[in-house]
>>> print(open('data_39.cif').read())   # mmCIF, C-alpha atoms and all ligand atoms
data_upload
loop_
_atom_site.label_atom_id
_atom_site.label_comp_id
_atom_site.auth_asym_id
_atom_site.auth_seq_id
_atom_site.Cartn_x
_atom_site.Cartn_y
_atom_site.Cartn_z
CA MET A 1 0.00 0.00 0.00
CA PRO A 2 1.26 3.53 -0.72
CA PHE A 3 3.05 5.23 2.19
CA THR A 4 1.31 2.83 4.58
CA ALA A 5 2.51 0.40 7.24
CA ASN A 6 0.95 -2.64 5.60
CA LYS A 7 0.97 -4.86 8.67
CA ASN A 8 -0.62 -2.19 10.88
CA PHE A 9 -3.27 -1.48 8.28
CA LYS A 10 -4.30 -5.12 8.21
CA ALA A 11 -4.75 -5.04 11.96
CA SER A 12 -7.03 -1.99 11.92
CA PRO A 13 -8.04 -0.94 8.41
CA ARG A 14 -9.64 2.44 7.76
CA LEU A 15 -11.95 1.90 4.82
CA LEU A 16 -14.04 4.53 3.05
CA LYS A 17 -16.88 3.26 0.92
CA ALA A 18 -18.59 6.38 -0.41
CA ALA A 19 -18.31 10.17 -0.60
CA LYS A 20 -20.57 13.11 -1.39
CA GLY A 21 -19.93 16.82 -1.01
CA MET A 22 -17.92 17.44 2.16
CA TYR A 23 -18.35 13.94 3.63
CA TYR A 24 -16.96 10.44 3.39
CA THR A 25 -18.95 7.40 4.48
CA THR A 26 -16.87 4.75 6.21
CA ILE A 27 -17.29 1.01 5.79
CA ASP A 28 -19.21 0.98 9.09
CA ASP A 29 -21.56 3.75 7.90
CA ARG A 30 -20.10 6.69 9.79
CA GLN A 31 -20.10 10.16 8.20
CA VAL A 32 -16.64 11.78 8.27
CA LEU A 33 -16.16 15.46 7.41
CA ASP A 34 -13.32 15.69 4.89
CA GLY A 35 -10.91 18.20 6.42
CA CYS A 36 -8.18 17.46 3.87
CA ALA A 37 -9.99 17.33 0.50
CA GLY A 38 -8.91 13.70 0.26
CA LEU A 39 -5.20 14.30 -0.21
CA TRP A 40 -5.43 18.07 -0.88
CA CYS A 41 -7.16 17.33 -4.17
CA VAL A 42 -10.99 17.20 -4.08
CA ASN A 43 -11.30 20.97 -4.30
CA ALA A 44 -14.95 21.10 -5.47
CA GLY A 45 -16.17 18.43 -3.06
CA HIS A 46 -16.92 14.77 -3.68
CA GLY A 47 -19.19 13.02 -6.15
CA ARG A 48 -19.72 15.90 -8.56
CA ASP A 49 -22.38 15.05 -11.16
CA GLU A 50 -20.81 17.42 -13.70
CA ILE A 51 -17.69 15.24 -13.82
CA THR A 52 -19.63 11.96 -13.77
CA GLN A 53 -21.72 13.04 -16.75
CA ALA A 54 -18.68 14.29 -18.68
CA LEU A 55 -16.93 10.95 -18.13
CA ILE A 56 -19.92 8.87 -19.21
CA GLU A 57 -20.40 10.97 -22.34
CA GLN A 58 -16.71 10.77 -23.19
CA LEU A 59 -16.60 7.00 -22.72
CA ASN A 60 -19.54 6.64 -25.07
CA VAL A 61 -17.81 8.68 -27.79
CA LEU A 62 -14.06 7.99 -27.58
CA ASP A 63 -12.57 5.76 -24.91
CA TYR A 64 -8.94 6.06 -25.96
CA ALA A 65 -6.80 7.57 -28.68
CA PRO A 66 -3.03 7.16 -29.00
CA GLY A 67 -1.15 10.32 -28.13
CA PHE A 68 2.03 9.62 -30.10
CA GLN A 69 1.90 11.29 -33.53
CA MET A 70 -1.89 11.43 -33.08
CA GLY A 71 -4.32 13.41 -31.01
CA HIS A 72 -7.95 14.11 -30.28
CA PRO A 73 -9.77 17.43 -29.87
CA VAL A 74 -10.78 17.05 -26.21
CA ALA A 75 -7.13 16.99 -25.07
CA PHE A 76 -6.48 20.27 -26.88
CA GLU A 77 -9.64 21.79 -25.41
CA ALA A 78 -8.54 20.68 -21.94
CA ALA A 79 -5.07 22.17 -22.51
CA ARG A 80 -6.62 25.49 -23.53
CA ALA A 81 -8.84 25.41 -20.44
CA VAL A 82 -5.80 24.82 -18.19
CA ALA A 83 -3.85 27.63 -19.89
CA GLU A 84 -6.68 30.04 -19.09
CA PHE A 85 -5.97 29.54 -15.39
CA MET A 86 -2.21 30.06 -15.78
CA PRO A 87 -0.24 33.32 -15.77
CA ASP A 88 -0.49 35.20 -19.11
CA THR A 89 2.79 34.04 -20.63
CA ILE A 90 2.26 30.38 -19.70
CA ASN A 91 0.14 28.76 -22.37
CA LYS A 92 1.71 25.41 -23.31
CA ILE A 93 0.48 22.30 -21.52
CA PHE A 94 1.84 18.73 -21.39
CA PHE A 95 -0.45 16.15 -19.75
CA THR A 96 0.77 13.41 -17.40
CA ASN A 97 -1.10 11.01 -15.11
CA SER A 98 0.09 12.26 -11.73
CA GLY A 99 1.99 14.94 -9.88
CA SER A 100 5.12 12.77 -9.74
CA GLU A 101 5.11 12.41 -13.51
CA ALA A 102 4.49 16.13 -13.89
CA VAL A 103 7.59 16.86 -11.80
CA ASP A 104 9.87 14.48 -13.70
CA THR A 105 8.49 15.82 -16.99
CA ALA A 106 9.13 19.41 -15.86
CA LEU A 107 12.75 18.59 -14.96
CA LYS A 108 13.26 16.97 -18.38
CA ILE A 109 11.70 19.97 -20.12
CA ALA A 110 14.10 22.25 -18.24
CA LEU A 111 17.08 20.19 -19.45
CA ALA A 112 15.72 20.01 -23.00
CA TYR A 113 15.24 23.78 -23.02
CA HIS A 114 18.85 24.53 -22.15
CA ARG A 115 20.11 22.08 -24.78
CA ALA A 116 17.87 23.63 -27.41
CA ASN A 117 19.02 27.04 -26.25
CA GLY A 118 22.69 26.16 -26.87
CA GLU A 119 23.62 25.73 -23.20
CA PRO A 120 23.86 21.95 -22.74
CA THR A 121 26.14 22.31 -19.71
CA ARG A 122 23.17 23.55 -17.68
CA SER A 123 22.19 20.24 -16.11
CA ARG A 124 22.37 20.82 -12.35
CA LEU A 125 19.03 20.84 -10.51
CA ILE A 126 18.27 22.60 -7.25
CA GLY A 127 15.49 21.59 -4.88
CA ARG A 128 14.91 22.37 -1.24
CA GLU A 129 15.13 20.63 2.10
CA ARG A 130 11.67 19.43 3.15
CA GLY A 131 10.49 19.74 -0.45
CA TYR A 132 8.07 17.08 -1.70
CA HIS A 133 7.94 16.53 -5.43
CA GLY A 134 6.45 13.08 -5.72
CA VAL A 135 8.17 9.73 -5.88
CA GLY A 136 9.81 9.45 -9.31
CA PHE A 137 13.61 9.36 -9.26
CA GLY A 138 13.68 12.99 -10.37
CA GLY A 139 11.17 13.99 -7.71
CA ILE A 140 12.90 12.26 -4.79
CA SER A 141 16.28 13.59 -5.96
CA VAL A 142 15.20 17.24 -5.89
CA GLY A 143 12.91 16.51 -2.93
CA GLY A 144 14.23 16.98 0.55
CA ILE A 145 12.65 14.23 2.63
CA SER A 146 15.27 11.83 3.93
CA SER A 147 12.88 8.91 4.53
CA ASN A 148 11.84 9.00 0.87
CA ARG A 149 15.46 9.10 -0.31
CA LYS A 150 17.58 6.93 1.93
CA THR A 151 16.64 3.48 0.58
CA PHE A 152 17.52 4.72 -2.90
CA SER A 153 20.41 7.00 -2.00
CA ASN A 154 22.92 5.32 -4.33
CA THR A 155 20.68 5.77 -7.34
CA LEU A 156 19.41 9.32 -7.02
CA LEU A 157 20.11 11.84 -9.79
CA PRO A 158 23.62 13.27 -9.59
CA GLN A 159 24.30 17.01 -9.54
CA VAL A 160 21.46 18.06 -7.28
CA ASP A 161 21.69 20.69 -4.55
CA HIS A 162 19.17 21.74 -1.93
CA LEU A 163 18.27 25.16 -0.61
CA PRO A 164 17.54 25.37 3.12
CA HIS A 165 13.91 24.91 4.15
CA THR A 166 11.97 27.83 5.60
CA HIS A 167 10.57 26.18 8.73
CA ASP A 168 11.38 28.28 11.77
CA LEU A 169 9.69 28.29 15.16
CA GLU A 170 12.10 30.66 16.84
CA HIS A 171 11.19 33.71 14.76
CA ASN A 172 7.98 32.79 12.98
CA ALA A 173 5.76 30.81 15.37
CA TYR A 174 2.05 31.71 15.11
CA SER A 175 2.51 33.85 12.00
CA LYS A 176 -0.72 34.58 10.20
CA GLY A 177 -0.18 34.39 6.46
CA GLN A 178 3.39 34.93 5.29
CA PRO A 179 5.95 35.05 8.11
CA ALA A 180 8.09 38.17 8.40
CA TRP A 181 11.43 36.43 8.98
CA GLY A 182 13.48 34.42 6.49
CA VAL A 183 13.80 36.22 3.15
CA HIS A 184 17.59 35.78 3.41
CA LEU A 185 17.18 32.00 3.18
CA ALA A 186 16.75 32.50 -0.59
CA ASP A 187 20.27 33.94 -0.76
CA GLU A 188 21.72 30.46 -0.30
CA LEU A 189 20.98 30.14 -4.02
CA GLU A 190 23.68 32.74 -4.67
CA ASN A 191 26.16 30.57 -2.73
CA ILE A 192 25.27 27.49 -4.78
CA ILE A 193 25.68 29.52 -7.96
CA ALA A 194 29.03 30.87 -6.75
CA LEU A 195 30.19 27.31 -6.04
CA HIS A 196 29.12 25.64 -9.28
CA ASP A 197 28.74 28.56 -11.71
CA ALA A 198 25.41 29.50 -13.25
CA SER A 199 26.46 27.93 -16.55
CA THR A 200 26.02 24.47 -14.94
CA ILE A 201 22.60 25.09 -13.39
CA ALA A 202 19.36 24.23 -15.19
CA ALA A 203 16.54 24.89 -12.76
CA VAL A 204 15.35 25.55 -9.24
CA ILE A 205 12.20 23.72 -8.14
CA VAL A 206 10.17 24.65 -5.05
CA GLU A 207 6.62 24.32 -3.82
CA PRO A 208 5.40 27.88 -3.23
CA ILE A 209 3.94 26.46 0.01
CA ALA A 210 5.58 23.21 1.09
CA GLY A 211 2.52 21.07 1.80
CA SER A 212 3.39 17.47 2.59
CA THR A 213 6.16 18.33 5.05
CA GLY A 214 3.92 20.42 7.24
CA VAL A 215 2.49 23.50 5.53
CA LEU A 216 5.51 25.80 5.37
CA ILE A 217 4.44 29.26 4.21
CA PRO A 218 7.15 31.22 2.34
CA PRO A 219 8.57 34.19 4.26
CA ARG A 220 7.67 37.60 2.85
CA GLY A 221 9.87 38.45 -0.12
CA TYR A 222 11.39 34.95 -0.33
CA LEU A 223 9.78 33.77 -3.57
CA GLU A 224 10.37 37.19 -5.13
CA ARG A 225 14.06 36.87 -4.32
CA LEU A 226 14.25 33.36 -5.81
CA ARG A 227 12.63 34.74 -8.96
CA GLU A 228 15.06 37.65 -9.14
CA ILE A 229 18.17 35.50 -8.65
CA THR A 230 17.10 32.78 -11.10
CA GLN A 231 16.20 35.35 -13.74
CA ARG A 232 19.50 37.17 -13.36
CA HIS A 233 21.44 33.92 -13.88
CA GLY A 234 19.40 32.35 -16.69
CA ILE A 235 18.16 29.57 -14.41
CA LEU A 236 14.60 28.31 -14.85
CA LEU A 237 12.26 28.57 -11.87
CA ILE A 238 9.76 25.73 -11.47
CA PHE A 239 6.85 26.11 -9.07
CA ASP A 240 5.44 22.76 -8.03
CA GLU A 241 1.78 23.77 -7.69
CA VAL A 242 0.38 20.27 -7.34
CA ILE A 243 -1.23 21.34 -4.03
CA THR A 244 -1.47 25.12 -4.44
CA GLY A 245 -2.92 25.00 -7.98
CA PHE A 246 -6.67 25.46 -8.49
CA GLY A 247 -7.90 27.55 -5.63
CA ARG A 248 -6.19 26.51 -2.39
CA LEU A 249 -5.12 30.14 -1.80
CA GLY A 250 -8.29 31.67 -3.25
CA THR A 251 -6.59 32.19 -6.61
CA ALA A 252 -6.06 29.90 -9.61
CA THR A 253 -2.40 29.43 -8.67
CA ALA A 254 0.04 30.43 -5.96
CA SER A 255 1.93 32.21 -8.74
CA GLU A 256 -1.10 34.49 -9.11
CA TYR A 257 -1.48 34.87 -5.35
CA PHE A 258 2.15 35.93 -4.87
CA GLY A 259 2.31 37.86 -8.16
CA ILE A 260 5.33 35.89 -9.38
CA THR A 261 5.53 34.15 -12.74
CA PRO A 262 7.76 31.08 -12.76
CA ASP A 263 8.98 29.52 -16.03
CA ILE A 264 7.26 26.18 -15.47
CA LEU A 265 4.41 25.01 -13.21
CA THR A 266 3.54 21.45 -12.27
CA LEU A 267 -0.11 20.63 -11.65
CA ALA A 268 -2.23 17.62 -10.59
CA LYS A 269 -4.74 16.96 -7.77
CA GLY A 270 -7.32 19.78 -8.17
CA LEU A 271 -6.80 19.66 -11.94
CA SER A 272 -9.51 16.98 -12.20
CA ASN A 273 -10.95 17.38 -8.70
CA ALA A 274 -9.15 14.02 -8.24
CA ALA A 275 -11.92 12.16 -10.07
CA VAL A 276 -9.41 10.69 -12.52
CA PRO A 277 -5.62 10.54 -12.18
CA VAL A 278 -4.12 13.40 -14.19
CA GLY A 279 -1.26 15.86 -13.94
CA ALA A 280 0.14 18.54 -16.20
CA VAL A 281 3.18 20.67 -16.83
CA ALA A 282 2.49 24.25 -17.87
CA VAL A 283 5.39 26.00 -19.59
CA HIS A 284 6.22 29.53 -20.65
CA ASP A 285 5.71 30.15 -24.37
CA HIS A 286 9.40 31.02 -24.73
CA ILE A 287 10.44 27.57 -23.44
CA TYR A 288 8.07 25.80 -25.81
CA ASN A 289 9.21 27.90 -28.77
CA THR A 290 12.88 27.36 -28.00
CA ILE A 291 12.50 23.58 -27.78
CA VAL A 292 10.26 23.28 -30.83
CA ASN A 293 12.27 25.64 -33.03
CA ASN A 294 15.80 24.56 -32.12
CA ALA A 295 15.72 20.81 -31.64
CA ALA A 296 17.71 18.89 -34.23
CA GLY A 297 15.42 16.00 -35.14
CA GLY A 298 11.72 15.72 -35.94
CA ILE A 299 10.52 14.90 -32.44
CA GLU A 300 11.48 17.73 -30.10
CA LEU A 301 10.93 16.03 -26.74
CA PHE A 302 11.53 12.30 -26.48
CA HIS A 303 9.11 11.82 -23.65
CA GLY A 304 5.44 10.91 -23.17
CA TYR A 305 2.99 8.48 -21.60
CA THR A 306 0.52 6.03 -23.15
CA TYR A 307 -2.15 7.95 -21.26
CA SER A 308 -0.91 11.54 -21.85
CA GLY A 309 -4.06 13.54 -22.65
CA HIS A 310 -6.28 10.48 -22.19
CA PRO A 311 -9.84 11.28 -23.32
CA LEU A 312 -11.27 10.55 -19.85
CA SER A 313 -8.78 12.74 -18.01
CA ALA A 314 -9.21 15.48 -20.62
CA ALA A 315 -13.00 15.33 -20.20
CA ALA A 316 -12.63 15.43 -16.40
CA VAL A 317 -10.26 18.42 -16.58
CA LYS A 318 -12.67 20.35 -18.79
CA ALA A 319 -15.66 19.60 -16.56
CA THR A 320 -13.71 20.42 -13.39
CA LEU A 321 -12.33 23.73 -14.60
CA ALA A 322 -15.76 24.79 -15.88
CA MET A 323 -17.19 24.00 -12.44
CA TYR A 324 -14.52 26.04 -10.67
CA LYS A 325 -15.42 28.99 -12.86
CA ASN A 326 -19.22 28.65 -12.86
CA GLU A 327 -19.49 28.07 -9.13
CA HIS A 328 -16.92 30.71 -8.11
CA ILE A 329 -15.15 28.10 -6.04
CA PHE A 330 -11.85 29.96 -5.68
CA GLU A 331 -13.78 33.05 -4.59
CA ASN A 332 -15.45 30.99 -1.86
CA ALA A 333 -12.01 29.91 -0.63
CA LYS A 334 -10.88 33.52 -0.61
CA ALA A 335 -13.99 34.74 1.20
CA LEU A 336 -13.60 32.09 3.91
CA SER A 337 -9.87 32.44 4.45
CA GLY A 338 -10.37 34.97 7.29
CA VAL A 339 -12.77 32.70 9.19
CA PHE A 340 -10.40 29.79 8.57
CA GLU A 341 -7.43 31.76 9.91
CA GLN A 342 -9.35 32.83 12.98
CA ALA A 343 -10.55 29.29 13.71
CA ALA A 344 -7.06 27.85 13.23
CA HIS A 345 -5.40 30.41 15.50
CA GLY A 346 -8.15 29.83 18.07
CA LEU A 347 -6.14 26.72 18.99
CA LYS A 348 -3.25 28.82 20.30
CA GLY A 349 -2.70 27.88 23.94
CA PHE A 350 -4.31 24.44 23.55
CA PRO A 351 -2.32 21.48 24.95
CA HIS A 352 0.77 20.46 22.91
CA VAL A 353 0.42 23.23 20.29
CA VAL A 354 3.73 24.99 19.48
CA ASP A 355 2.85 26.69 16.18
CA ILE A 356 -0.07 27.52 13.91
CA ARG A 357 0.46 28.67 10.32
CA ASN A 358 -1.99 29.28 7.50
CA LEU A 359 -2.73 30.85 4.14
CA GLY A 360 -5.93 30.64 2.09
CA LEU A 361 -7.64 27.38 3.05
CA VAL A 362 -4.59 25.49 4.26
CA ALA A 363 -3.21 25.38 7.78
CA GLY A 364 -0.60 23.50 9.76
CA ILE A 365 -0.86 22.96 13.51
CA GLU A 366 2.48 21.87 14.94
CA LEU A 367 2.55 19.86 18.16
CA LYS A 368 5.36 19.27 20.61
CA SER A 369 6.75 15.79 20.01
CA ARG A 370 6.68 13.17 22.74
CA ALA A 371 10.15 12.41 24.06
CA GLY A 372 11.66 9.61 22.00
CA ALA A 373 8.53 9.17 19.86
CA PRO A 374 8.35 11.78 17.10
CA GLY A 375 5.05 11.67 15.24
CA ALA A 376 3.26 9.54 17.84
CA ARG A 377 1.22 12.36 19.32
CA ALA A 378 -0.03 13.63 15.93
CA ALA A 379 -0.84 10.05 14.89
CA GLU A 380 -3.05 9.72 17.94
CA VAL A 381 -4.70 13.09 17.29
CA PHE A 382 -5.35 12.05 13.68
CA GLN A 383 -6.95 8.76 14.78
CA LYS A 384 -9.12 10.39 17.44
CA CYS A 385 -10.32 13.09 15.02
CA TYR A 386 -11.19 10.35 12.52
CA ASP A 387 -13.08 8.44 15.21
CA GLN A 388 -14.94 11.67 16.04
CA GLY A 389 -15.90 12.29 12.43
CA VAL A 390 -13.19 14.57 11.00
CA LEU A 391 -10.53 13.47 8.53
CA LEU A 392 -7.23 15.37 8.76
CA ARG A 393 -3.62 14.57 7.82
CA TYR A 394 -0.43 14.46 9.79
CA THR A 395 3.27 14.55 8.96
CA GLY A 396 5.62 14.02 11.88
CA ASP A 397 3.91 16.01 14.61
CA ILE A 398 2.24 18.50 12.31
CA ILE A 399 -1.49 18.30 11.60
CA ALA A 400 -2.53 19.61 8.18
CA ILE A 401 -5.98 20.99 7.40
CA SER A 402 -6.93 21.65 3.75
CA PRO A 403 -10.66 21.10 3.22
CA PRO A 404 -12.57 21.12 -0.07
CA LEU A 405 -13.04 24.74 -1.14
CA ILE A 406 -16.84 24.40 -1.04
CA ILE A 407 -16.70 24.27 2.76
CA ASN A 408 -18.88 26.66 4.82
CA GLN A 409 -18.16 28.60 8.02
CA GLU A 410 -19.94 26.15 10.26
CA GLN A 411 -17.94 23.23 8.90
CA ILE A 412 -14.69 25.16 9.33
CA ARG A 413 -15.52 25.82 12.99
CA HIS A 414 -16.53 22.19 13.46
CA ILE A 415 -13.16 20.92 12.20
CA PHE A 416 -11.20 23.10 14.61
CA ASN A 417 -13.60 22.41 17.52
CA VAL A 418 -13.14 18.67 17.12
CA LEU A 419 -9.37 19.10 16.80
CA GLY A 420 -9.33 21.33 19.90
CA ASN A 421 -11.29 18.79 21.96
CA VAL A 422 -9.03 15.98 20.79
CA LEU A 423 -5.92 17.95 21.77
CA LYS A 424 -7.28 18.02 25.33
CA GLN A 425 -7.86 14.26 25.25
CA VAL A 426 -4.34 13.12 24.31
CA ASP A 427 -1.25 12.92 26.52
N1 LIG A 501 4.31 17.57 -5.85
C1 LIG A 501 3.67 18.01 -4.77
C2 LIG A 501 3.90 19.40 -4.29
C3 LIG A 501 2.77 17.18 -4.09
O1 LIG A 501 2.14 17.62 -3.00
C4 LIG A 501 2.55 15.88 -4.59
C5 LIG A 501 1.57 14.94 -3.92
N2 LIG A 501 1.28 15.16 -2.61
C6 LIG A 501 3.26 15.47 -5.72
C7 LIG A 501 4.12 16.35 -6.34
C8 LIG A 501 3.09 14.09 -6.27
O2 LIG A 501 1.86 13.90 -6.84
P1 LIG A 501 1.31 12.41 -7.09
O3 LIG A 501 1.10 11.79 -5.75
O4 LIG A 501 0.06 12.65 -7.89
O5 LIG A 501 2.34 11.69 -7.90
#
>>> encode(input="data_39.cif", output="structure tokens")
Amino acid sequence: MPFTANKNFKASPRLLKAAKGMYYTTIDDRQVLDGCAGLWCVNAGHGRDEITQALIEQLNVLDYAPGFQMGHPVAFEAARAVAEFMPDTINKIFFTNSGSEAVDTALKIALAYHRANGEPTRSRLIGRERGYHGVGFGGISVGGISSNRKTFSNTLLPQVDHLPHTHDLEHNAYSKGQPAWGVHLADELENIIALHDASTIAAVIVEPIAGSTGVLIPPRGYLERLREITQRHGILLIFDEVITGFGRLGTATASEYFGITPDILTLAKGLSNAAVPVGAVAVHDHIYNTIVNNAAGGIELFHGYTYSGHPLSAAAVKATLAMYKNEHIFENAKALSGVFEQAAHGLKGFPHVVDIRNLGLVAGIELKSRAGAPGARAAEVFQKCYDQGVLLRYTGDIIAISPPLIINQEQIRHIFNVLGNVLKQVD
């Protein structure tokens, strides 16, 4: 099972058998409020008829078409729909089946760009400590999670460096929105450039908000500085927006929220409301044009998946993005972000809590670890919340909250009330 202790799961399985709107139904018929949008992905809520209908119709018309040297109109329509949500200069879309594939594809596109641009020595990749970029070899190499890397440490990509992470409790605990301290952490990029020379560096990849390692909000000015340094040195900046894409911050992308245009974005999760597995890489027009106009052979990028632009995922993407627009779902997230912030920070002073951080409709509540048992306290909090009808996530001793964006005020308060009560119940 994925990221699961198989033996433990057998002993006490958590099984979900149905979902609608904001709620899961468990195998024993309990209703559980989805406080995490599945895995940060069901942004418009569960069981959406618009997607179901689009999938049925698509299956009846065209179940599959090869993507190599062929195409079908729905994939192009889906690509255009995605581009509409991207920053102005980012209009070229490559479909994958997951976020991990989107990341590895984005890294390959970065390398292909520099080759096409006459700078083949630019091959070094820079990620960040505590970065999560999926589980492909590219993703775990630029990622900064030791548990995901150590078993494979002899076979990771060479020539990868990591920026420092931005997690800091000493200066930034209980920040609301972007923390004030830490812009200088971006300057480590200058040191890496000084060490290796810009002519060897292809790209920097970061999540605008690091999600999976505990909701780390970028310090004020930090992403701007990364953009400025990368631009000055001809290095591509990749934003991994697999979590932040499609409304989590009340905007289409984090790039829009922060007012920073990267060169490449990776997308997945909310792209199809998680109804079918699909990811995408969105690239700047200049990158596309350089690769397409300057590659030597006929095929410009020797890369692709049997299911790239699959008719079902394309139909789901189109239906999902139309729903986001028609139902003003990002606007709902934006309108509720104040209530969400207030409810999250209402847990300040509760037992075990050492930090609360938030932006848009995502928050991290960090707990003090039990001596000698990191993660145990949050695991217990997670289980008790689940037993009391609220599904959250935990990483180490950090609880993450990222509900579907269709949530209402009452449901927001309910999530944090249950979490608050549970915090009083655990040692
Ligand atoms: N990048 C980021 C930022 C993610 O959060 C995730 C998934 N949590 C991925 C990549 C990988 O996506 P997937 O699990 O669809 O491969």
>>> residues_around(input="data_39.cif", residues="A:Asp387", least_positions_apart="4", cutoff="10 Å", atoms="all atoms listed in the file", output="list in words")
Arg30, Val32, Val381, Phe382, Gln383 and Leu391 of chain A
>>> closest_residue(input="data_39.cif", among="A:Tyr113, A:Phe246, A:Tyr386, A:Phe258", to="A:Arg14", atoms="all atoms listed in the file")
A:Tyr386
>>> residues_near_ligand(input="data_39.cif", ligand="ligand LIG 501 (chain A)", cutoff="7 Å", atoms="all atoms listed in the file", output="PyMOL selection string")
chain A and resi 39+98-101+103+132-135+207+210-212+240-243+268-269+279
>>> atom_distance(input="data_39.cif", atom1="atom CA of A:Gly346", atom2="atom CA of A:His165")
26.5 Å
>>> residues_around(input="data_39.cif", residues="A:Ile356", least_positions_apart="2", cutoff="10 Å", atoms="all atoms listed in the file", output="PyMOL selection string")
chain A and resi 169+172-176+215+341+344-348+353-354+358+363-367+398-399
>>> atom_distance(input="data_39.cif", atom1="atom CA of A:Leu15", atom2="atom CA of A:Asp28")
8.5 Å
>>> closest_residue(input="data_39.cif", among="A:His233, A:Pro158, A:Ile291, A:Leu226", to="A:Ala194", atoms="only C-alpha atoms")
A:His233
>>> atom_distance(input="data_39.cif", atom1="atom CA of A:Arg225", atom2="atom CA of A:Ile264")
16.9 Å
>>> residues_near_point(input="data_39.cif", point="(-7.6, 26.1, -23.0)", cutoff="12 Å", atoms="all atoms listed in the file", output="number ranges by chain")
A: 73-86, 90-93, 282, 314, 317-318, 321-322
>>> residues_around(input="data_39.cif", residues="A:Ala378", least_positions_apart="4", cutoff="12 Å", atoms="only C-alpha atoms", output="PDB file with C-alpha atoms, in the frame of the given file")
ATOM      1  CA  GLY A 214       3.920  20.420   7.240  1.00  0.00           C
ATOM      2  CA  HIS A 352       0.770  20.460  22.910  1.00  0.00           C
ATOM      3  CA  VAL A 353       0.420  23.230  20.290  1.00  0.00           C
ATOM      4  CA  GLY A 364      -0.600  23.500   9.760  1.00  0.00           C
ATOM      5  CA  ILE A 365      -0.860  22.960  13.510  1.00  0.00           C
ATOM      6  CA  GLU A 366       2.480  21.870  14.940  1.00  0.00           C
ATOM      7  CA  LEU A 367       2.550  19.860  18.160  1.00  0.00           C
ATOM      8  CA  LYS A 368       5.360  19.270  20.610  1.00  0.00           C
ATOM      9  CA  SER A 369       6.750  15.790  20.010  1.00  0.00           C
ATOM     10  CA  ARG A 370       6.680  13.170  22.740  1.00  0.00           C
ATOM     11  CA  ALA A 373       8.530   9.170  19.860  1.00  0.00           C
ATOM     12  CA  PRO A 374       8.350  11.780  17.100  1.00  0.00           C
ATOM     13  CA  PHE A 382      -5.350  12.050  13.680  1.00  0.00           C
ATOM     14  CA  GLN A 383      -6.950   8.760  14.780  1.00  0.00           C
ATOM     15  CA  LYS A 384      -9.120  10.390  17.440  1.00  0.00           C
ATOM     16  CA  CYS A 385     -10.320  13.090  15.020  1.00  0.00           C
ATOM     17  CA  LEU A 392      -7.230  15.370   8.760  1.00  0.00           C
ATOM     18  CA  ARG A 393      -3.620  14.570   7.820  1.00  0.00           C
ATOM     19  CA  TYR A 394      -0.430  14.460   9.790  1.00  0.00           C
ATOM     20  CA  THR A 395       3.270  14.550   8.960  1.00  0.00           C
ATOM     21  CA  GLY A 396       5.620  14.020  11.880  1.00  0.00           C
ATOM     22  CA  ASP A 397       3.910  16.010  14.610  1.00  0.00           C
ATOM     23  CA  ILE A 398       2.240  18.500  12.310  1.00  0.00           C
ATOM     24  CA  ILE A 399      -1.490  18.300  11.600  1.00  0.00           C
ATOM     25  CA  ALA A 400      -2.530  19.610   8.180  1.00  0.00           C
ATOM     26  CA  LEU A 419      -9.370  19.100  16.800  1.00  0.00           C
ATOM     27  CA  VAL A 422      -9.030  15.980  20.790  1.00  0.00           C
ATOM     28  CA  LEU A 423      -5.920  17.950  21.770  1.00  0.00           C
ATOM     29  CA  VAL A 426      -4.340  13.120  24.310  1.00  0.00           C
ATOM     30  CA  ASP A 427      -1.250  12.920  26.520  1.00  0.00           C
TER      31      ASP A 427
END
>>> residues_around(input="data_39.cif", residues="A:Ile205", least_positions_apart="5", cutoff="10 Å", atoms="all atoms listed in the file", output="VMD selection string")
chain A and resid 103 106 to 107 125 to 128 131 133 139 142 to 143 162 to 163 236 to 240 262 264 to 266
